[in-house]
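Data file: start00.txt. Format and content: compact mmCIF, C-alpha atoms.
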# COMPACT_ATOMS: atom_id res chain seq x y z
CA LEU H 1 67.68 123.84 88.76
CA ILE H 2 69.45 126.41 90.98
CA SER H 3 67.71 125.07 94.10
CA ASP H 4 68.69 121.50 93.21
CA LEU H 5 72.32 122.53 92.63
CA ILE H 6 72.44 124.28 96.02
CA GLN H 7 71.12 121.17 97.78
CA LYS H 8 73.23 118.69 95.79
CA HIS H 9 76.52 120.48 96.46
CA ASN H 10 75.69 121.76 99.95
CA ILE H 11 76.29 125.40 98.95
CA ASN H 12 76.37 128.07 101.66
CA ILE H 13 77.80 131.13 99.85
CA ILE H 14 76.91 132.30 96.32
CA PHE H 15 78.85 134.79 94.18
CA HIS H 16 76.38 135.81 91.47
CA ALA H 17 78.54 136.86 88.53
CA ALA H 18 76.38 135.58 85.67
CA ALA H 19 75.24 138.36 83.33
CA TYR H 20 75.41 139.57 79.76
CA LYS H 21 77.93 142.41 80.19
CA HIS H 22 78.72 143.40 76.58
CA VAL H 23 77.17 146.85 76.19
CA PRO H 24 76.62 146.97 72.37
CA LEU H 25 75.28 143.39 72.22
CA VAL H 26 72.69 144.04 74.94
CA GLU H 27 71.74 147.33 73.24
CA ILE H 28 70.69 145.45 70.11
CA ASN H 29 69.33 142.39 72.00
CA PRO H 30 67.47 144.00 74.93
CA ILE H 31 64.90 141.20 75.35
CA LYS H 32 67.57 138.56 76.00
CA GLY H 33 69.70 140.98 78.03
CA LEU H 34 66.86 141.91 80.38
CA LYS H 35 65.64 138.33 80.68
CA ASN H 36 69.05 137.05 81.69
CA ASN H 37 70.40 139.85 83.86
CA ILE H 38 67.22 140.59 85.81
CA PHE H 39 65.47 137.24 86.10
CA SER H 40 68.60 135.20 86.84
CA THR H 41 69.12 137.48 89.84
CA LEU H 42 65.53 136.98 90.95
CA THR H 43 65.97 133.19 90.64
CA ILE H 44 69.18 133.27 92.70
CA CYS H 45 67.51 135.33 95.45
CA LYS H 46 64.43 133.08 95.68
CA ALA H 47 66.49 129.87 95.73
CA SER H 48 68.87 131.33 98.33
CA VAL H 49 66.09 132.21 100.78
CA LYS H 50 64.39 128.85 100.21
CA ASN H 51 67.62 126.97 100.98
CA ASN H 52 68.87 129.17 103.86
CA ILE H 53 72.01 130.28 102.03
CA GLU H 54 74.36 132.16 104.36
CA LYS H 55 75.52 134.89 101.96
CA VAL H 56 74.77 136.00 98.40
CA ILE H 57 77.11 138.51 96.75
CA LEU H 58 76.12 140.16 93.47
CA ILE H 59 79.02 141.11 91.23
CA SER H 60 77.80 144.43 89.84
CA THR H 61 79.39 147.10 87.66
CA ASP H 62 80.16 150.81 87.58
CA LYS H 63 77.92 150.90 84.49
CA SER H 64 74.88 150.49 86.79
CA VAL H 65 75.46 154.02 88.13
CA ARG H 66 73.40 156.59 86.18
CA PRO H 67 73.38 154.13 83.27
CA THR H 68 73.42 155.28 79.66
CA ASN H 69 72.88 151.77 78.30
CA ILE H 70 70.44 148.89 78.74
CA MET H 71 73.09 146.59 80.19
CA GLY H 72 73.89 149.07 82.97
CA ALA H 73 70.20 149.67 83.69
CA SER H 74 69.57 145.91 83.86
CA LYS H 75 72.40 145.54 86.37
CA ARG H 76 70.92 148.37 88.44
CA VAL H 77 67.64 146.41 88.57
CA ALA H 78 69.65 143.38 89.71
CA GLU H 79 71.06 145.57 92.51
CA LEU H 80 67.53 146.70 93.46
CA ILE H 81 66.41 143.07 93.66
CA MET H 82 69.29 142.23 95.99
CA GLN H 83 68.52 145.28 98.16
CA ALA H 84 64.81 144.39 98.32
CA TYR H 85 65.54 140.82 99.40
CA ALA H 86 68.03 142.09 101.99
CA ASN H 87 65.33 144.35 103.46
CA GLU H 88 62.84 141.45 103.57
CA GLU H 89 65.39 139.27 105.34
CA ASP H 90 66.00 142.02 107.91
CA LEU H 91 62.28 142.26 108.59
CA LYS H 92 61.94 138.48 109.06
CA PHE H 93 64.97 138.45 111.35
CA LYS H 94 63.40 141.13 113.56
CA THR H 95 59.94 139.57 113.70
CA GLU H 96 60.55 135.80 113.62
CA THR H 97 62.27 133.95 116.46
CA ASN H 98 65.53 132.18 115.57
CA TYR H 99 65.29 133.18 111.91
CA ASN H 100 68.54 132.56 110.00
CA LYS H 101 68.60 135.38 107.50
CA THR H 102 70.42 135.28 104.20
CA LEU H 103 72.87 138.18 103.85
CA PHE H 104 72.46 139.78 100.42
CA SER H 105 75.15 142.24 99.34
CA ILE H 106 76.51 143.92 96.21
CA VAL H 107 80.08 144.60 95.09
CA ARG H 108 80.40 147.30 92.45
CA PHE H 109 83.60 147.87 90.46
CA GLY H 110 84.92 148.70 86.98
CA ASN H 111 86.97 146.98 84.30
CA VAL H 112 89.18 143.99 85.04
CA LEU H 113 92.44 143.80 83.08
CA GLY H 114 92.83 140.60 81.09
CA SER H 115 89.24 139.43 81.60
CA SER H 116 87.03 138.31 78.72
CA GLY H 117 86.23 141.33 76.58
CA SER H 118 88.89 143.47 78.24
CA VAL H 119 90.58 146.16 76.17
CA VAL H 120 94.08 144.81 76.90
CA PRO H 121 93.76 141.45 75.04
CA LYS H 122 92.06 143.37 72.21
CA PHE H 123 94.96 145.82 71.94
CA GLU H 124 97.47 142.97 72.16
CA GLN H 125 95.78 141.24 69.22
CA GLN H 126 95.63 144.45 67.18
CA ILE H 127 99.34 145.13 67.82
CA LYS H 128 100.20 141.53 66.86
CA LEU H 129 98.38 142.04 63.55
CA GLY H 130 100.28 145.25 62.87
CA GLY H 131 97.47 147.62 63.82
CA PRO H 132 95.63 149.79 63.76
CA ILE H 133 94.56 150.05 67.39
CA THR H 134 90.92 151.16 67.52
CA ILE H 135 89.62 153.44 70.28
CA THR H 136 86.10 154.86 70.38
CA HIS H 137 87.05 158.38 71.59
CA PRO H 138 90.32 160.22 72.41
CA GLU H 139 88.98 161.35 75.81
CA ILE H 140 87.48 158.06 77.00
CA ILE H 141 88.65 156.98 80.49
CA ARG H 142 88.06 153.86 82.58
CA TYR H 143 88.80 152.35 86.00
CA PHE H 144 90.97 149.21 85.90
CA MET H 145 92.12 146.52 88.30
CA THR H 146 93.72 143.11 87.90
CA ILE H 147 91.81 139.81 88.06
CA LYS H 148 93.67 138.91 91.27
CA GLU H 149 92.84 142.25 92.92
CA ALA H 150 89.17 142.02 91.96
CA ALA H 151 88.78 138.41 93.15
CA GLN H 152 90.50 139.05 96.50
CA LEU H 153 88.54 142.23 97.22
CA VAL H 154 85.21 140.60 96.33
CA ILE H 155 85.92 137.75 98.77
CA GLN H 156 87.03 140.24 101.45
CA SER H 157 83.83 142.24 100.87
CA SER H 158 81.76 139.12 101.55
CA VAL H 159 83.38 138.85 104.98
CA LEU H 160 82.29 142.42 105.80
CA SER H 161 78.68 141.85 104.75
CA VAL H 162 75.87 142.40 107.26
CA GLY H 163 73.10 142.35 104.64
CA GLY H 164 71.95 145.01 102.19
CA ASP H 165 75.48 146.32 101.67
CA ILE H 166 76.70 148.02 98.51
CA PHE H 167 80.49 147.74 98.50
CA LEU H 168 82.68 149.84 96.23
CA LEU H 169 86.21 148.76 95.41
CA ASP H 170 88.92 151.41 95.37
CA MET H 171 90.13 151.29 91.79
CA GLY H 172 92.43 154.29 91.97
CA LYS H 173 92.31 156.94 89.28
CA GLN H 174 90.65 156.46 85.92
CA ILE H 175 93.06 155.84 83.05
CA LYS H 176 92.83 157.36 79.57
CA ILE H 177 92.45 154.51 77.10
CA ILE H 178 94.64 156.30 74.55
CA ASP H 179 97.49 156.45 77.13
CA LEU H 180 97.07 152.72 77.74
CA ALA H 181 97.26 152.05 73.98
CA LYS H 182 100.40 154.19 73.56
CA GLN H 183 102.10 152.45 76.49
CA MET H 184 101.28 148.99 75.13
CA ILE H 185 102.73 149.94 71.73
CA ARG H 186 105.96 151.16 73.37
CA LEU H 187 106.20 148.10 75.66
CA SER H 188 105.94 145.93 72.54
CA GLY H 189 109.10 147.64 71.24
CA LEU H 190 107.19 149.44 68.50
CA THR H 191 106.50 153.06 67.62
CA ILE H 192 103.28 155.01 67.10
CA LYS H 193 102.39 155.91 63.52
CA ASN H 194 100.91 159.41 63.26
CA SER H 195 101.25 162.72 61.40
CA VAL H 196 104.52 163.42 63.22
CA ASN H 197 105.95 159.93 62.61
CA ASN H 198 104.58 158.61 59.33
CA ASN H 199 107.04 155.71 59.40
CA GLY H 200 105.81 154.40 62.77
CA ASP H 201 104.62 150.82 63.29
CA ILE H 202 101.14 151.04 64.81
CA GLU H 203 98.45 153.61 64.03
CA ILE H 204 95.73 154.60 66.51
CA ILE H 205 92.34 155.42 64.99
CA PHE H 206 89.11 156.65 66.61
CA THR H 207 85.85 154.95 65.68
CA GLY H 208 83.33 157.03 67.67
CA LEU H 209 81.46 156.22 70.88
CA ARG H 210 79.30 153.13 70.58
CA ARG H 211 75.59 153.28 71.34
CA GLY H 212 75.06 153.62 75.09
CA GLU H 213 78.78 154.14 75.83
CA LYS H 214 80.00 156.73 78.37
CA LEU H 215 83.20 158.76 78.26
CA TYR H 216 83.71 157.97 81.95
CA GLU H 217 82.21 155.68 84.60
CA GLU H 218 81.09 156.30 88.20
CA LEU H 219 80.84 154.07 91.27
CA LEU H 220 78.33 156.11 93.31
CA ILE H 221 74.78 157.24 92.60
CA ASN H 222 74.15 159.43 95.65
CA ALA H 223 77.78 160.35 96.41
CA LYS H 224 77.51 158.85 99.92
CA SER H 225 80.09 156.30 101.02
CA VAL H 226 82.08 155.43 104.13
CA PRO H 227 85.33 153.47 104.61
CA THR H 228 85.29 149.94 106.01
CA GLU H 229 87.90 147.95 107.91
CA ASN H 230 89.59 147.30 104.56
CA PRO H 231 91.17 150.51 103.18
CA ARG H 232 90.35 149.44 99.60
CA ILE H 233 86.66 148.72 100.23
CA TYR H 234 84.01 151.39 100.78
CA LYS H 235 80.34 151.09 101.62
CA ALA H 236 77.65 153.09 99.81
CA PHE H 237 74.20 154.14 101.03
CA GLU H 238 71.61 154.33 98.28
CA ASP H 239 67.84 154.26 97.81
CA SER H 240 66.02 150.96 97.37
CA ILE H 241 62.52 149.75 96.41
CA VAL H 242 60.31 147.53 98.60
CA LEU H 243 60.01 143.96 97.30
CA SER H 244 56.24 144.06 96.68
CA GLU H 245 56.50 147.12 94.42
CA LEU H 246 59.57 145.72 92.68
CA GLU H 247 57.95 142.32 92.03
CA PHE H 248 54.84 143.98 90.58
CA LYS H 249 56.84 145.91 87.99
CA ILE H 250 59.15 142.98 87.26
CA SER H 251 56.14 140.69 86.66
CA LYS H 252 54.80 143.24 84.15
CA MET H 253 58.21 143.26 82.47
CA LYS H 254 58.21 139.47 82.31
CA GLN H 255 54.86 139.51 80.50
CA ALA H 256 56.22 142.05 77.99
CA LEU H 257 59.43 140.07 77.46
CA ASN H 258 57.53 136.82 76.91
CA VAL H 259 55.60 138.37 74.00
CA LEU H 260 58.77 140.11 72.72
CA ASP H 261 57.32 143.57 73.41
CA GLU H 262 60.58 145.52 73.44
CA GLU H 263 58.98 148.96 73.80
CA GLU H 264 56.92 148.01 76.89
CA SER H 265 59.92 146.20 78.42
CA LEU H 266 62.13 149.28 78.06
CA GLN H 267 59.38 151.54 79.37
CA ILE H 268 59.16 149.46 82.58
CA LEU H 269 62.96 149.46 82.79
CA SER H 270 62.91 153.29 82.68
CA GLU H 271 60.35 153.30 85.54
CA LEU H 272 62.52 150.99 87.64
CA VAL H 273 65.69 152.96 86.87
CA PRO H 274 64.58 156.60 86.39
CA GLU H 275 68.20 157.80 86.26
CA TRP H 276 68.73 155.72 83.09
CA LYS H 277 69.06 158.17 80.23
CA ARG H 278 67.33 156.29 77.47
CA ALA H 279 68.77 156.98 74.03
CA LYS H 280 66.37 158.49 71.48
CA SER H 281 67.11 155.62 69.11
CA ASP H 282 65.68 153.21 71.73
CA LYS H 283 62.27 154.87 71.55
CA LYS H 284 59.74 153.76 68.99
CA PHE H 285 57.51 156.85 69.27

Please lay out the structure from this file as structure tokens.
Amino acid sequence: LISDLIQKHNINIIFHAAAYKHVPLVEINPIKGLKNNIFSTLTICKASVKNNIEKVILISTDKSVRPTNIMGASKRVAELIMQAYANEEDLKFKTETNYNKTLFSIVRFGNVLGSSGSVVPKFEQQIKLGGPITITHPEIIRYFMTIKEAAQLVIQSSVLSVGGDIFLLDMGKQIKIIDLAKQMIRLSGLTIKNSVNNNGDIEIIFTGLRRGEKLYEELLINAKSVPTENPRIYKAFEDSIVLSELEFKISKMKQALNVLDEEESLQILSELVPEWKRAKSDKKF
């Protein structure tokens, strides 16, 4: 299907943004999460090489860095697939005459304000209903950028691609979610209801960190990055896995997923992403 779409519409650049990104939902549906996030990326890469696509850009996430959840680990595998295909394309380019290589690259960034599932529309709805605003933890912090910023920087990153790149978008400082909630309450012309102001309009309550959720996110695994021509785009240098080794483990995962063997699937995921800190509740032994 992907190959036919590429040919039918004469595609030459692909932005691969398709993934299940909701952390709690993937935690409780790991089979579907892994199937979609990992194997869709593999399909895109194979179809791109087959059809001589010029550039493929994976939209990744800060949750792929030292992941604490299955969604983040699955996105890290997607990154590894892109890196492995980039290395294969480099090798073909060096050894085959007049080979037109496909440039595979990754853009990694955090939360986008106003996007589907974003905390801002959620808070807006909770304020509209009279509260309370729910936050998982008083110390939780996140990177944020606007939809326009994210879209423009992703496109600009694609221009800088030479193949195998991991681009990081400068998202500024992380913001405390509780500060964001308080500001949104005030901007709505309302007051915060708490022990000091019992007659306030909107209460803020803490529900506890969800399974697999971090207090803070990171953009780098190995803490190595360099600036690019664009002051808001950096380039990271991180370890990769050769395609043959990657495909062997992914094929084993596919077999496990097809028979709904969750334990074996997650075990292979932990081998592919050793920095993933698997929660005890994920283990069946």

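You will find atom CA of Ile204 of chain H at 26.7 Å from atom CA of Val26 of chain H.
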
So that I can check the surroundings of Asp62 of chain H, please list as a PyMOL selection string every protein, DNA and RNA residue that reaches within 12 Å of it, counting only C-alpha atoms and ignoring chain neighbours fewer than 4 positions away. chain H and resi 21+66-69+71-73+75-76+79+106-112+142-144+166-171+214+216-221

Quote the spacing between atom CA of Leu113 of chain H and atom CA of Ala78 of chain H in Å to one decimal place.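 Separating atom CA of Leu113 of chain H from atom CA of Ala78 of chain H is a distance of 23.7 Å.
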
So that I can see what lies close to Arg186 of chain H, please list as a list in words the residues with an atom at most 12 Å from it, counting only C-alpha atoms and leaving out residues fewer than 4 positions away in the same chain. Glu124, Ile127, Asp179, Leu180, Ala181, Lys182, Leu190, Thr191, Ile192, Lys193, Gly200, Asp201 and Ile202 of chain H

Residues as selected, C-alpha atoms, written as a compact mmCIF listing (two decimals), in the coordinates of the input, can you do that?
# COMPACT_ATOMS: atom_id res chain seq x y z
CA GLU H 124 97.47 142.97 72.16
CA ILE H 127 99.34 145.13 67.82
CA ASP H 179 97.49 156.45 77.13
CA LEU H 180 97.07 152.72 77.74
CA ALA H 181 97.26 152.05 73.98
CA LYS H 182 100.40 154.19 73.56
CA LEU H 190 107.19 149.44 68.50
CA THR H 191 106.50 153.06 67.62
CA ILE H 192 103.28 155.01 67.10
CA LYS H 193 102.39 155.91 63.52
CA GLY H 200 105.81 154.40 62.77
CA ASP H 201 104.62 150.82 63.29
CA ILE H 202 101.14 151.04 64.81

Which residue, H:Ala17, H:Leu129, H:Leu25, H:Ile57, has the smallest gap to Ser105 of chain H when you use all atoms listed in the file? H:Ile57

Spatial neighbours of Leu91 of chain H, max dist 12 Å, all atoms listed in the file, sep filter under 5 positions, as a list in words: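 These residues fall inside the cut-off: Ala84, Tyr85, Ala86, Glu96, Thr97, Tyr99, Asn100, Lys101, Thr102, Gly163, Gly164, Val242 and Leu243 of chain H.
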
Kindly save the residues from that selection, with C-alpha atoms included, as a PDB file, in the frame of the given file.
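File produced: out_23.pdb:
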ATOM      1  CA  ALA H  84      64.810 144.390  98.320  1.00  0.00           C
ATOM      2  CA  TYR H  85      65.540 140.820  99.400  1.00  0.00           C
ATOM      3  CA  ALA H  86      68.030 142.090 101.990  1.00  0.00           C
ATOM      4  CA  GLU H  96      60.550 135.800 113.620  1.00  0.00           C
ATOM      5  CA  THR H  97      62.270 133.950 116.460  1.00  0.00           C
ATOM      6  CA  TYR H  99      65.290 133.180 111.910  1.00  0.00           C
ATOM      7  CA  ASN H 100      68.540 132.560 110.000  1.00  0.00           C
ATOM      8  CA  LYS H 101      68.600 135.380 107.500  1.00  0.00           C
ATOM      9  CA  THR H 102      70.420 135.280 104.200  1.00  0.00           C
ATOM     10  CA  GLY H 163      73.100 142.350 104.640  1.00  0.00           C
ATOM     11  CA  GLY H 164      71.950 145.010 102.190  1.00  0.00           C
ATOM     12  CA  VAL H 242      60.310 147.530  98.600  1.00  0.00           C
ATOM     13  CA  LEU H 243      60.010 143.960  97.300  1.00  0.00           C
TER      14      LEU H 243
END

Which residues come within 12 Å of Ser270 of chain H, counting all atoms listed in the file, excluding same-chain residues fewer than 4 positions away, as a list in words?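 That gives Arg66, Pro67, Thr68, Asn69, Ile70, Gly72, Ala73, Ser74, Arg76, Val77, Lys249, Ile250, Met253, Glu263, Glu264, Ser265, Leu266, Pro274, Glu275, Trp276, Lys277, Arg278, Ala279, Asp282 and Lys283 of chain H.
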
All residues 9 Å or closer to Pro24 of chain H, all atoms listed in the file, same chain fewer than 5 positions away omitted, as a ChimeraX atom specification: /H:29,69,71,210-213

What separation in Å, quoted to one decimal, exists between atom CA of Pro138 of chain H and atom CA of Gly208 of chain H?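 So the two atoms, atom CA of Pro138 of chain H and atom CA of Gly208 of chain H, lie 9.0 Å apart.
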
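With all atoms listed in the file as the atoms that count, the minimum distance from Leu80 of chain H to the choices H:Thr41, H:Thr134, H:Asn10, H:Ile140 is reached by H:Thr41.
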
Please determine, counting all atoms listed in the file, which residue among H:Asn37, H:Gln83, H:Asn52, H:Ser3 has the shortest atom-to-atom distance to Asp239 of chain H.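 Closest candidate: H:Gln83.
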
May I have the centre and edge lengths, in Å to one decimal, of an axis-aligned box around the listed atoms of segment 2-6 of chain H with 5 Å added to every side, as lines of an AutoDock Vina configuration file?
center_x = 70.1
center_y = 124.0
center_z = 93.5
size_x = 14.7
size_y = 14.9
size_z = 15.0
